[in-house]
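The next block is my_file.txt, given as compact mmCIF, C-alpha atoms.
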# COMPACT_ATOMS: atom_id res chain seq x y z
CA MET A 368 -65.32 -43.73 88.82
CA SER A 369 -69.11 -43.25 88.99
CA ASP A 370 -71.10 -41.09 86.59
CA GLU A 371 -71.79 -38.60 89.34
CA GLN A 372 -68.12 -38.30 90.19
CA SER A 373 -67.14 -37.91 86.56
CA SER A 374 -69.71 -35.16 86.07
CA LEU A 375 -68.31 -33.21 89.00
CA GLN A 376 -64.63 -33.77 88.30
CA PRO A 377 -64.13 -30.75 85.98
CA LEU A 378 -65.39 -28.47 88.73
CA LYS A 379 -62.64 -29.36 91.20
CA ALA A 380 -59.53 -28.19 89.39
CA VAL A 381 -57.47 -25.35 90.73
CA GLY A 382 -58.76 -22.07 89.26
CA GLY A 383 -55.51 -20.44 88.13
CA ARG A 384 -54.09 -23.54 86.47
CA ARG A 385 -57.45 -24.19 84.82
CA VAL A 386 -57.57 -20.71 83.26
CA ILE A 387 -54.03 -21.10 81.86
CA LYS A 388 -54.80 -24.54 80.49
CA ASN A 389 -58.06 -23.45 78.86
CA VAL A 390 -56.48 -20.35 77.32
CA SER A 391 -53.74 -22.56 75.87
CA LEU A 392 -56.33 -24.86 74.31
CA LEU A 393 -58.24 -21.98 72.74
CA LEU A 394 -55.02 -20.40 71.51
CA GLY A 395 -54.17 -23.68 69.82
CA GLY A 396 -57.46 -23.52 67.93
CA ARG A 397 -56.82 -19.90 66.95
CA ALA A 398 -53.32 -20.77 65.74
CA ILE A 399 -54.98 -23.03 63.17
CA ASN A 400 -58.02 -20.87 62.49
CA ALA A 401 -56.33 -17.49 61.91
CA PRO A 402 -54.20 -18.43 58.86
CA LEU A 403 -57.09 -20.44 57.40
CA SER A 404 -59.33 -17.36 57.67
CA LEU A 405 -56.77 -15.31 55.79
CA VAL A 406 -56.54 -17.97 53.08
CA HIS A 407 -60.32 -17.93 52.73
CA ILE A 408 -60.51 -14.13 52.41
CA TRP A 409 -57.64 -14.15 49.88
CA LEU A 410 -59.42 -16.78 47.78
CA ALA A 411 -62.79 -15.03 47.98
CA THR A 412 -61.48 -11.57 47.05
CA HIS A 413 -59.43 -12.93 44.15
CA LEU A 414 -62.37 -14.94 42.78
CA LEU A 415 -65.10 -12.33 43.20
CA GLY A 416 -63.22 -9.07 43.66
CA SER A 417 -63.83 -6.56 46.42
CA HIS A 418 -67.33 -5.80 45.12
CA GLY A 419 -68.54 -9.41 45.09
CA PHE A 420 -66.91 -10.23 48.41
CA GLY A 421 -68.44 -7.06 49.86
CA LEU A 422 -71.94 -8.20 48.85
CA VAL A 423 -71.53 -11.47 50.75
CA ALA A 424 -70.02 -9.60 53.70
CA MET A 425 -73.06 -7.29 53.77
CA MET A 426 -75.47 -10.24 53.86
CA TYR A 427 -73.47 -11.99 56.57
CA ALA A 428 -73.26 -8.81 58.66
CA PHE A 429 -77.04 -8.41 58.47
CA ALA A 430 -77.69 -12.05 59.40
CA ARG A 431 -75.22 -11.93 62.29
CA THR A 432 -76.71 -8.65 63.51
CA MET A 433 -80.22 -10.15 63.56
CA SER A 434 -78.83 -13.17 65.41
CA ASP A 435 -77.13 -10.98 68.00
CA LEU A 436 -80.30 -8.94 68.51
CA VAL A 437 -82.23 -12.00 69.71
CA ASP A 438 -79.33 -13.90 71.30
CA PHE A 439 -79.97 -14.50 75.00
CA GLN A 440 -76.32 -15.40 75.66
CA SER A 441 -77.73 -18.48 77.35
CA TRP A 442 -74.25 -19.91 77.96
CA GLN A 443 -74.03 -17.40 80.80
CA THR A 444 -77.36 -18.65 82.18
CA VAL A 445 -76.02 -22.22 82.16
CA LEU A 446 -72.92 -21.13 84.07
CA LYS A 447 -74.64 -18.87 86.60
CA TYR A 448 -77.68 -21.02 87.41
CA GLY A 449 -76.60 -24.51 86.35
CA LEU A 450 -73.18 -24.71 87.99
CA HIS A 451 -74.43 -24.89 91.58
CA PRO A 452 -77.00 -27.73 91.16
CA LEU A 453 -74.45 -29.73 89.15
CA THR A 454 -71.82 -29.24 91.84
CA VAL A 455 -74.10 -30.42 94.66
CA GLY A 456 -75.42 -33.36 92.65
CA ASP A 457 -78.87 -31.96 91.83
CA PHE A 458 -78.83 -33.28 88.27
CA SER A 459 -82.55 -32.73 87.73
CA GLY A 460 -82.14 -29.07 88.66
CA PHE A 461 -79.17 -28.78 86.31
CA GLN A 462 -81.15 -30.37 83.47
CA ARG A 463 -84.02 -27.94 84.04
CA VAL A 464 -81.68 -24.96 83.64
CA VAL A 465 -80.20 -26.53 80.50
CA ALA A 466 -83.70 -27.13 79.11
CA PHE A 467 -84.56 -23.48 79.73
CA SER A 468 -81.36 -22.44 77.99
CA PHE A 469 -82.08 -24.64 74.95
CA LEU A 470 -85.56 -23.13 74.78
CA LEU A 471 -84.06 -19.62 74.74
CA ASP A 472 -81.74 -20.60 71.88
CA GLY A 473 -84.64 -22.02 69.86
CA ILE A 474 -86.88 -19.00 70.41
CA GLY A 475 -84.06 -16.61 69.58
CA GLY A 476 -83.17 -18.45 66.37
CA LEU A 477 -86.77 -18.54 65.12
CA ILE A 478 -87.44 -14.88 65.91
CA GLY A 479 -84.14 -13.82 64.35
CA CYS A 480 -84.79 -15.81 61.16
CA ALA A 481 -88.37 -14.56 60.78
CA GLY A 482 -87.34 -10.97 61.54
CA GLY A 483 -84.41 -11.16 59.14
CA ILE A 484 -86.57 -12.39 56.28
CA ALA A 485 -89.21 -9.72 56.96
CA ILE A 486 -86.67 -6.87 57.10
CA SER A 487 -84.70 -8.10 54.09
CA LEU A 488 -87.92 -8.27 52.02
CA SER A 489 -89.12 -4.80 53.00
CA GLY A 490 -85.90 -2.86 53.59
CA MET A 491 -83.41 -3.86 50.90
CA THR A 492 -82.94 -0.27 49.76
CA LEU A 493 -82.26 0.88 53.32
CA LEU A 494 -79.73 -1.96 53.72
CA GLY A 495 -77.95 -0.87 50.54
CA TRP A 496 -78.51 -4.22 48.80
CA PRO A 497 -78.40 -4.00 44.99
CA PRO A 498 -81.07 -5.93 43.02
CA GLU A 499 -78.61 -8.74 42.20
CA ILE A 500 -78.64 -10.03 45.81
CA HIS A 501 -82.29 -9.48 46.75
CA VAL A 502 -83.20 -13.17 46.53
CA VAL A 503 -79.86 -14.42 47.90
CA GLY A 504 -80.12 -12.01 50.82
CA VAL A 505 -83.49 -13.41 51.87
CA VAL A 506 -82.22 -17.00 51.60
CA PHE A 507 -79.12 -16.09 53.62
CA CYS A 508 -81.37 -15.31 56.60
CA VAL A 509 -81.92 -19.07 57.02
CA SER A 510 -78.39 -19.21 58.47
CA ILE A 511 -79.65 -17.24 61.50
CA LEU A 512 -81.29 -20.45 62.75
CA PHE A 513 -77.83 -22.02 63.10
CA MET A 514 -76.11 -19.07 64.76
CA ALA A 515 -77.81 -19.79 68.11
CA SER A 516 -75.46 -22.26 69.77
CA ALA A 517 -74.90 -20.63 73.16
CA THR A 518 -76.19 -23.54 75.28
CA PRO A 519 -73.70 -26.10 73.86
CA THR A 520 -70.93 -23.56 74.53
CA GLY A 521 -72.12 -23.19 78.13
CA LEU A 522 -72.26 -26.94 78.63
CA LEU A 523 -68.74 -27.50 77.32
CA SER A 524 -67.52 -24.63 79.54
CA VAL A 525 -69.15 -26.19 82.60
CA PHE A 526 -67.51 -29.51 81.78
CA ASN A 527 -64.16 -27.77 81.20
CA ARG A 528 -63.95 -29.03 77.60
CA TYR A 529 -62.39 -25.99 75.96
CA ASP A 530 -60.50 -28.31 73.65
CA LEU A 531 -63.84 -29.11 72.02
CA ILE A 532 -64.96 -25.47 71.92
CA SER A 533 -61.82 -24.58 69.96
CA ILE A 534 -62.81 -27.11 67.27
CA GLN A 535 -66.00 -25.27 66.28
CA GLY A 536 -64.39 -22.20 64.70
CA VAL A 537 -61.82 -24.33 62.92
CA ALA A 538 -64.56 -26.55 61.44
CA ALA A 539 -66.45 -23.54 60.03
CA THR A 540 -63.30 -22.01 58.56
CA ILE A 541 -62.25 -25.29 56.94
CA VAL A 542 -65.66 -25.47 55.25
CA ARG A 543 -65.23 -21.90 53.98
CA VAL A 544 -61.71 -22.58 52.65
CA ILE A 545 -62.61 -25.87 50.93
CA GLY A 546 -65.89 -24.52 49.60
CA THR A 547 -64.32 -21.32 48.26
CA ALA A 548 -61.44 -23.25 46.68
CA ALA A 549 -63.97 -25.52 44.96
CA LEU A 550 -65.53 -22.46 43.31
CA THR A 551 -62.35 -22.19 41.25
CA PHE A 552 -63.49 -25.29 39.37
CA THR A 553 -67.31 -25.01 39.60
CA GLY A 554 -67.56 -21.29 38.88
CA ALA A 555 -67.44 -18.41 41.33
CA SER A 556 -70.49 -16.26 42.01
CA VAL A 557 -71.99 -14.29 44.87
CA MET A 558 -74.71 -16.91 45.26
CA ALA A 559 -72.18 -19.76 45.39
CA LEU A 560 -70.00 -18.03 48.00
CA ALA A 561 -73.10 -17.20 50.07
CA ALA A 562 -74.04 -20.89 49.98
CA VAL A 563 -70.56 -21.79 51.27
CA TRP A 564 -70.94 -19.35 54.19
CA ILE A 565 -74.39 -20.73 55.05
CA LEU A 566 -72.99 -24.28 55.01
CA ALA A 567 -70.17 -23.19 57.32
CA GLU A 568 -72.71 -21.91 59.87
CA VAL A 569 -74.63 -25.19 59.72
CA VAL A 570 -71.44 -27.24 60.20
CA ALA A 571 -70.29 -25.08 63.13
CA TRP A 572 -73.68 -25.41 64.86
CA ALA A 573 -73.86 -29.17 64.27
CA THR A 574 -70.27 -29.74 65.45
CA LEU A 575 -70.77 -27.87 68.72
CA SER A 576 -74.21 -29.40 69.38
CA VAL A 577 -73.05 -32.97 68.81
CA MET A 578 -70.01 -32.51 71.05
CA ALA A 579 -72.16 -31.04 73.85
CA LEU A 580 -74.68 -33.89 73.62
CA ARG A 581 -71.86 -36.44 73.73
CA GLU A 582 -70.50 -34.84 76.91
CA LEU A 583 -73.97 -34.99 78.47
CA MET A 584 -74.21 -38.68 77.55
CA ARG A 585 -70.74 -39.42 78.96
CA ARG A 586 -71.85 -38.00 82.31
CA ASN A 587 -75.25 -39.72 82.22
CA LEU A 588 -76.96 -36.32 82.12
CA ILE A 589 -78.91 -36.78 78.89
CA ARG A 590 -81.44 -39.14 80.41
CA GLY A 591 -84.42 -37.13 81.63
CA LEU A 592 -83.50 -33.97 79.71
CA PRO A 593 -86.40 -34.26 77.19
CA THR A 594 -88.77 -34.82 80.13
CA GLU A 595 -87.48 -31.72 81.88
CA LEU A 596 -87.98 -29.72 78.69
CA TRP A 597 -91.56 -30.97 78.40
CA LYS A 598 -92.31 -30.23 82.07
CA LEU A 599 -90.70 -26.80 81.73
CA LEU A 600 -93.40 -25.38 79.46
CA PRO A 601 -96.28 -25.43 81.97
CA ASP A 602 -93.92 -24.33 84.76
CA LEU A 603 -93.00 -21.30 82.67
CA ALA A 604 -96.65 -20.55 81.99
CA ASN A 605 -97.65 -20.59 85.67
CA GLY A 606 -94.43 -18.92 86.85
CA PHE A 607 -93.23 -21.85 89.00
CA PHE A 608 -89.87 -22.06 87.20
CA PHE A 609 -89.10 -18.40 87.86
CA ARG A 610 -90.08 -18.73 91.53
CA THR A 611 -87.69 -21.67 91.99
CA HIS A 612 -84.91 -19.84 90.11
CA PRO A 613 -85.18 -16.26 91.37
CA GLY A 614 -83.56 -13.71 89.12
CA ILE A 615 -83.10 -16.01 86.11
CA ARG A 616 -85.67 -14.20 83.95
CA ARG A 617 -84.12 -10.81 84.62
CA PHE A 618 -80.64 -12.23 84.05
CA ALA A 619 -81.63 -13.80 80.70
CA LEU A 620 -83.26 -10.58 79.50
CA ALA A 621 -80.29 -8.49 80.66
CA THR A 622 -77.78 -10.69 78.82
CA ASN A 623 -79.98 -10.56 75.70
CA LEU A 624 -80.17 -6.76 75.77
CA ASN A 625 -76.47 -6.50 76.52
CA SER A 626 -75.65 -8.79 73.61
CA ALA A 627 -77.89 -6.76 71.30
CA LEU A 628 -76.12 -3.56 72.31
CA ALA A 629 -72.68 -5.16 72.02
CA LEU A 630 -73.26 -5.95 68.34
CA THR A 631 -72.76 -2.26 67.52
CA PHE A 632 -69.01 -2.87 67.74
CA ASN A 633 -69.08 -6.11 65.77
CA HIS A 634 -71.06 -6.15 62.52
CA ILE A 635 -72.92 -2.86 62.47
CA GLY A 636 -69.91 -1.09 60.95
CA THR A 637 -70.06 -3.31 57.85
CA LEU A 638 -73.81 -2.68 57.56
CA VAL A 639 -73.45 1.10 57.77
CA VAL A 640 -70.50 1.19 55.35
CA GLY A 641 -72.38 -1.00 52.88
CA ALA A 642 -75.48 1.20 53.06
CA TYR A 643 -73.66 4.52 52.61
CA ALA A 644 -70.36 3.72 50.88
CA GLY A 645 -71.19 0.68 48.74
CA PRO A 646 -70.32 -3.05 48.61
CA ALA A 647 -66.61 -2.62 47.82
CA SER A 648 -66.08 -0.48 50.93
CA ALA A 649 -68.15 -2.95 52.94
CA GLY A 650 -65.82 -5.71 51.76
CA TYR A 651 -62.75 -3.75 52.86
CA CYS A 652 -64.45 -3.03 56.20
CA ARG A 653 -65.11 -6.75 56.66
CA ILE A 654 -61.48 -7.58 55.83
CA ALA A 655 -60.21 -4.92 58.23
CA SER A 656 -62.44 -6.03 61.10
CA GLN A 657 -61.61 -9.70 60.46
CA ILE A 658 -57.86 -9.06 60.52
CA ALA A 659 -58.03 -6.72 63.54
CA SER A 660 -60.18 -9.10 65.59
CA GLY A 661 -58.03 -12.02 64.49
CA ILE A 662 -54.84 -10.29 65.65
CA ALA A 663 -56.40 -9.37 69.01
CA LYS A 664 -58.13 -12.75 69.45
CA PRO A 665 -55.31 -14.38 71.46
CA ALA A 666 -55.97 -11.78 74.16
CA SER A 667 -59.76 -11.57 73.92
CA ILE A 668 -60.38 -15.33 74.20
CA ILE A 669 -59.25 -15.10 77.80
CA GLN A 670 -62.73 -13.75 78.54
CA THR A 671 -64.28 -17.06 77.49
CA THR A 672 -62.38 -18.89 80.22
CA VAL A 673 -62.54 -16.25 82.95
CA TYR A 674 -66.33 -16.06 83.28
CA PRO A 675 -66.73 -19.62 84.66
CA GLU A 676 -63.93 -18.94 87.15
CA MET A 677 -65.60 -15.71 88.26
CA ALA A 678 -68.90 -17.55 88.75
CA ARG A 679 -67.21 -20.18 90.91
CA LEU A 680 -65.33 -17.63 93.04
CA TRP A 681 -68.48 -15.53 93.54
CA ARG A 682 -70.43 -18.63 94.60
CA GLU A 683 -67.66 -19.44 97.10
CA HIS A 684 -67.62 -15.81 98.39
CA ALA A 685 -63.89 -15.63 97.56
CA MET A 686 -63.91 -11.89 96.87
CA THR A 687 -60.17 -11.38 97.27
CA ARG A 688 -59.39 -14.03 94.67
CA LEU A 689 -62.17 -12.72 92.41
CA TYR A 690 -60.74 -9.21 92.19
CA ARG A 691 -57.18 -10.49 92.00
CA LEU A 692 -58.22 -12.62 89.01
CA THR A 693 -59.84 -9.55 87.39
CA PHE A 694 -56.62 -7.57 87.70
CA GLN A 695 -54.44 -10.43 86.44
CA VAL A 696 -56.66 -11.04 83.40
CA ALA A 697 -56.71 -7.33 82.48
CA LEU A 698 -52.92 -7.15 82.76
CA ALA A 699 -52.30 -10.32 80.76
CA ALA A 700 -54.83 -9.58 78.00
CA GLY A 701 -53.86 -5.91 77.73
CA GLY A 702 -50.16 -6.75 77.55
CA ILE A 703 -50.71 -9.29 74.78
CA GLY A 704 -52.96 -6.90 72.85
CA THR A 705 -50.50 -4.01 73.09
CA CYS A 706 -47.61 -6.16 71.82
CA LEU A 707 -49.74 -7.30 68.86
CA LEU A 708 -50.64 -3.70 68.01
CA ILE A 709 -46.95 -2.71 67.97
CA ALA A 710 -46.09 -5.71 65.76
CA THR A 711 -48.84 -4.72 63.31
CA LEU A 712 -47.56 -1.15 63.14
CA LEU A 713 -44.09 -2.43 62.24
CA ALA A 714 -44.93 -5.23 59.82
CA GLY A 715 -48.54 -4.69 58.75
CA LYS A 716 -48.14 -2.80 55.47
CA PRO A 717 -45.84 -5.17 53.52
CA LEU A 718 -47.80 -8.23 54.66
CA LEU A 719 -51.12 -6.63 53.72
CA GLN A 720 -49.82 -5.64 50.28
CA LEU A 721 -48.81 -9.25 49.72
CA TYR A 722 -52.22 -10.39 50.91
CA ILE A 723 -54.70 -8.12 49.06
CA GLY A 724 -52.51 -6.02 46.78
CA HIS A 725 -51.27 -2.42 46.92
CA SER A 726 -54.63 -0.74 46.25
CA GLY A 727 -56.49 -2.80 48.84
CA ALA A 728 -53.72 -2.31 51.40
CA VAL A 729 -53.81 1.48 50.99
CA GLN A 730 -57.54 1.54 51.74
CA THR A 731 -57.57 -1.14 54.42
CA LEU A 732 -54.44 -0.66 56.56
CA PRO A 733 -55.51 2.61 58.26
CA VAL A 734 -58.87 1.04 59.16
CA ILE A 735 -57.13 -2.08 60.50
CA LEU A 736 -54.87 -0.01 62.75
CA TRP A 737 -57.79 2.03 64.13
CA LEU A 738 -59.89 -1.10 64.71
CA LEU A 739 -56.95 -2.93 66.27
CA ALA A 740 -56.39 0.00 68.63
CA ALA A 741 -60.06 -0.30 69.61
CA GLU A 742 -59.59 -4.05 70.15
CA VAL A 743 -56.58 -3.36 72.40
CA VAL A 744 -58.61 -0.95 74.54
CA ALA A 745 -61.35 -3.57 74.73
CA VAL A 746 -59.02 -6.37 75.84
CA TRP A 747 -57.54 -4.18 78.58
CA GLY A 748 -61.06 -3.92 79.97
CA LEU A 749 -62.38 -7.35 79.01
CA PRO A 750 -62.81 -8.71 82.59
CA LEU A 751 -64.88 -5.68 83.67
CA GLU A 752 -68.21 -6.68 82.14
CA PRO A 753 -68.03 -10.34 83.28
CA LEU A 754 -67.23 -9.02 86.77
CA LEU A 755 -70.33 -6.80 86.74
CA PHE A 756 -72.53 -9.69 85.62
CA THR A 757 -70.97 -12.08 88.12
CA THR A 758 -71.55 -9.68 91.02
CA ASN A 759 -75.25 -9.26 90.11
CA ARG A 760 -74.84 -5.85 88.46
CA SER A 761 -76.16 -6.86 85.05
CA GLY A 762 -78.56 -3.91 85.00
CA ALA A 763 -75.72 -1.43 85.46
CA ALA A 764 -73.63 -3.17 82.78
CA THR A 765 -76.52 -3.02 80.32
CA SER A 766 -77.23 0.64 81.10
CA VAL A 767 -73.61 1.47 80.29
CA ARG A 768 -73.90 -0.39 76.98
CA LEU A 769 -77.10 1.52 76.16
CA LEU A 770 -75.55 4.90 76.93
CA ASP A 771 -72.52 4.07 74.80
CA CYS A 772 -74.69 2.98 71.86
CA LEU A 773 -76.69 6.22 72.02
CA VAL A 774 -73.39 8.01 71.36
CA PHE A 775 -71.74 5.51 69.03
CA PHE A 776 -74.42 4.59 66.49
CA PRO A 777 -75.50 8.12 65.43
CA GLY A 778 -71.85 9.16 65.38
CA LEU A 779 -70.94 6.19 63.16
CA VAL A 780 -73.64 7.07 60.62
CA LEU A 781 -72.49 10.70 60.52
CA VAL A 782 -68.79 9.96 60.02
CA VAL A 783 -69.40 7.24 57.42
CA ARG A 784 -71.66 9.53 55.41
CA ARG A 785 -69.00 12.24 55.52
CA TYR A 786 -65.72 10.28 55.37
CA GLY A 787 -66.77 6.84 54.07
CA LEU A 788 -64.68 3.86 55.14
CA ASP A 789 -62.08 6.11 56.80
CA GLY A 790 -64.58 7.20 59.44
CA VAL A 791 -65.23 3.73 60.87
CA GLY A 792 -61.95 3.28 62.76
CA PRO A 793 -61.77 6.52 64.77
CA MET A 794 -65.45 6.32 65.73
CA THR A 795 -65.08 2.69 66.85
CA LEU A 796 -62.06 3.55 68.99
CA LEU A 797 -63.98 6.43 70.56
CA GLY A 798 -66.97 4.21 71.29
CA VAL A 799 -64.91 1.39 72.84
CA THR A 800 -62.90 3.83 74.98
CA LEU A 801 -66.11 5.40 76.31
CA LEU A 802 -67.55 1.95 77.09
CA ILE A 803 -64.49 0.68 78.97
CA GLY A 804 -64.21 3.96 80.88
CA LEU A 805 -67.82 3.71 82.05
CA GLN A 806 -67.42 0.05 83.02
CA LEU A 807 -64.28 0.85 85.00
CA PHE A 808 -66.13 3.63 86.80
CA LEU A 809 -68.86 1.18 87.84
CA VAL A 810 -66.36 -1.39 89.06
CA LEU A 811 -64.33 1.13 91.07
CA ARG A 812 -67.40 2.52 92.81
CA THR A 813 -68.55 -0.95 93.91
CA PRO A 814 -68.27 -1.07 97.75
CA THR A 815 -67.00 -4.66 97.78
CA LEU A 816 -64.11 -3.69 95.53
CA ARG A 817 -62.98 -0.94 97.88
CA THR A 818 -63.13 -3.49 100.69
CA ALA A 819 -61.05 -5.96 98.73
CA ASN A 820 -58.43 -3.49 97.55
CA GLY A 821 -56.20 -3.96 100.51
CA LEU A 822 -56.44 -7.73 100.53
Taking this structure as input, can you express it in the form of structure tokens?
Amino acid sequence: MSDEQSSLQPLKAVGGRRVIKNVSLLLGGRAINAPLSLVHIWLATHLLGSHGFGLVAMMYAFARTMSDLVDFQSWQTVLKYGLHPLTVGDFSGFQRVVAFSFLLDGIGGLIGCAGGIAISLSGMTLLGWPPEIHVVGVVFCVSILFMASATPTGLLSVFNRYDLISIQGVAATIVRVIGTAALTFTGASVMALAAVWILAEVVAWATLSVMALRELMRRNLIRGLPTELWKLLPDLANGFFFRTHPGIRRFALATNLNSALALTFNHIGTLVVGAYAGPASAGYCRIASQIASGIAKPASIIQTTVYPEMARLWREHAMTRLYRLTFQVALAAGGIGTCLLIATLLAGKPLLQLYIGHSGAVQTLPVILWLLAAEVVAVWGLPLEPLLFTTNRSGAATSVRLLDCLVFFPGLVLVVRRYGLDGVGPMTLLGVTLLIGLQLFLVLRTPTLRTANGL
């Protein structure tokens, strides 16, 4: 088989079977990763206590928030603008899109790191950081450089190598488990645990990047890539690149803004709780969000595999299949999420008491259930936003995110100041429900959907 044929082969599989296969691969990775994450949190909380673990969680939440603010979600750019030239054999065009995507990752990482250091130096009081982590918090911002790995993810998605994508999270968690266990012998401290988390980010970035480069080499697509990156710079300066790829600049900016707005439901809760309720509550918030997202992850990872399929169906003008896929994904993900919520209601308390003790379980379980309910609502609507982006309605999707954040963020601050940790869950559920409702409204009022309803 020629290099050209091998590079195109992943694009020719049957869509439905491919989605099922890729979901199975990612679920396999989660089956390993989830219990390892719980082991890590158990080790960390028992070595440092809820206060010490909360300090590290606060630093990580800040670093991840800064990363999300400047993340261009360039994996979507690779899929939307790189898939067609690769399919038709225009490898130079594909490499140019990949070079642009790598450039976005680099710019985002540098801006995020510099911004994180500047804010952490000048706003430690606002962030709620006690003096004991002022220096560590600044150093932790270096990890932001290694949180920008969207392009390798996009490349592995294009090549249908979800088995390799599933390895990344497992590699980072293994580093955290081994590193935290080693602290038992070397001495546990906030600085030492922070160093373990930074190392885990570096390992995850390196693992994904190396695997993506190897796939490019296997398909003879690495040759010429540095040249395309070098030629890209003047073409960006004179606007030639944007003229040959109409809409790519707007799409990249829209995905960046959408990603920045989406972070309000990810790590901002830990930041707000840490600032107003203290490190111990921030630690419990981190544990609750980690467990809730981990429980719902088997449903939410479906989104990772559905976006490439949507891009292919849209390019082929297969609208009937596109909307049928949207409905099927919502039904499958929502059904899985609902079953997991019911199982947590029945068995969550005794397992949590075994995991973090009676006192921690009392404080954490209500938050977990609220956050898990929010995750379930989110997974019922998880194909809606990819559908809006696929059908060139990124501006509408971003506007909905912005409107939701204008309601959610001030409300979160108010309820946390009044009710502490207990206010995070209900406000998150309210915010997610509003977001999914607005996205559904946009999808239902799309003319092409009404046309496809009877098909």
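For the choices A:Gln443, A:Ser648, A:Gln695, A:Ser487, the atom-to-atom distance to Leu523 in chain A is smallest for A:Gln443 when using all atoms listed in the file.
Among the candidate residues A:Val673, A:Leu638, A:Val437, A:Ala647, the one lying nearest to Ser524 in chain A is A:Val673, with distances computed using all atoms listed in the file.
Closest approach to Leu450 in chain A among A:Trp681, A:Trp737, A:Tyr643, A:Trp572: A:Trp681, based on only C-alpha atoms.
The nearest approach to Gly495 in chain A among the residues A:Ala538, A:Ala642, A:Leu805, A:Ala678, with all atoms listed in the file taken into account, belongs to A:Ala642.
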Nearest residue to Phe429 in chain A from the set A:Ala621, A:Val639, A:Val563, A:Ala539 (distances using only C-alpha atoms): A:Val639
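Of the listed residues A:Ala555, A:Ala697, A:Leu596, A:Ala567, the one whose atoms come nearest to Gln535 in chain A is A:Ala567, with distances taken using all atoms listed in the file.
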Å distance separating CA of Gly798 in chain A from CA of Asn623 in chain A, one decimal place: 20.2 Å
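Relative to CA of Leu628 in chain A, CA of Gln806 in chain A is found at 14.3 Å.
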Spatial neighbours of Phe469 in chain A, max dist 8 Å, all atoms listed in the file, sep filter under 4 positions, as a PyMOL selection string: chain A and resi 441+465+473+518
Take the residues just selected and output them with C-alpha atoms as a tab-separated table (two decimals), in the frame of the given file.
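Result file is part_25.tsv:
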chain	number	residue	atom	x	y	z
A	441	SER	CA	-77.73	-18.48	77.35
A	465	VAL	CA	-80.20	-26.53	80.50
A	473	GLY	CA	-84.64	-22.02	69.86
A	518	THR	CA	-76.19	-23.54	75.28
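When the distance limit is 12 Å and all atoms listed in the file are what count, the residues near Ile615 in chain A, minus those fewer than 5 positions from it on the same chain, are Phe439, Ser441, Gln443, Thr444, Val445, Leu446, Lys447, Tyr448, Gly449, Val464, Phe467, Ser468, Leu471, Leu603, Gly606, Phe608, Phe609, Arg610, Leu620, Ala621, Thr622, Asn759 and Ser761 of chain A.
The list of residues with at least one atom within 8 Å of Phe458 in chain A, based on all atoms listed in the file and without residues fewer than 5 positions apart in the same chain, reads A:Pro452, A:Leu453, A:Leu588.
For the atom pair formed by CA of Phe618 in chain A and CA of Gln462 in chain A, the distance is 18.2 Å, given to one decimal.
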Spatial sel., origin (-74.9, -6.4, 62.6), limit 12 Å, all atoms listed in the file, listed as a PyMOL selection string: chain A and resi 424-437+479+483+494+511+626-641+653+776
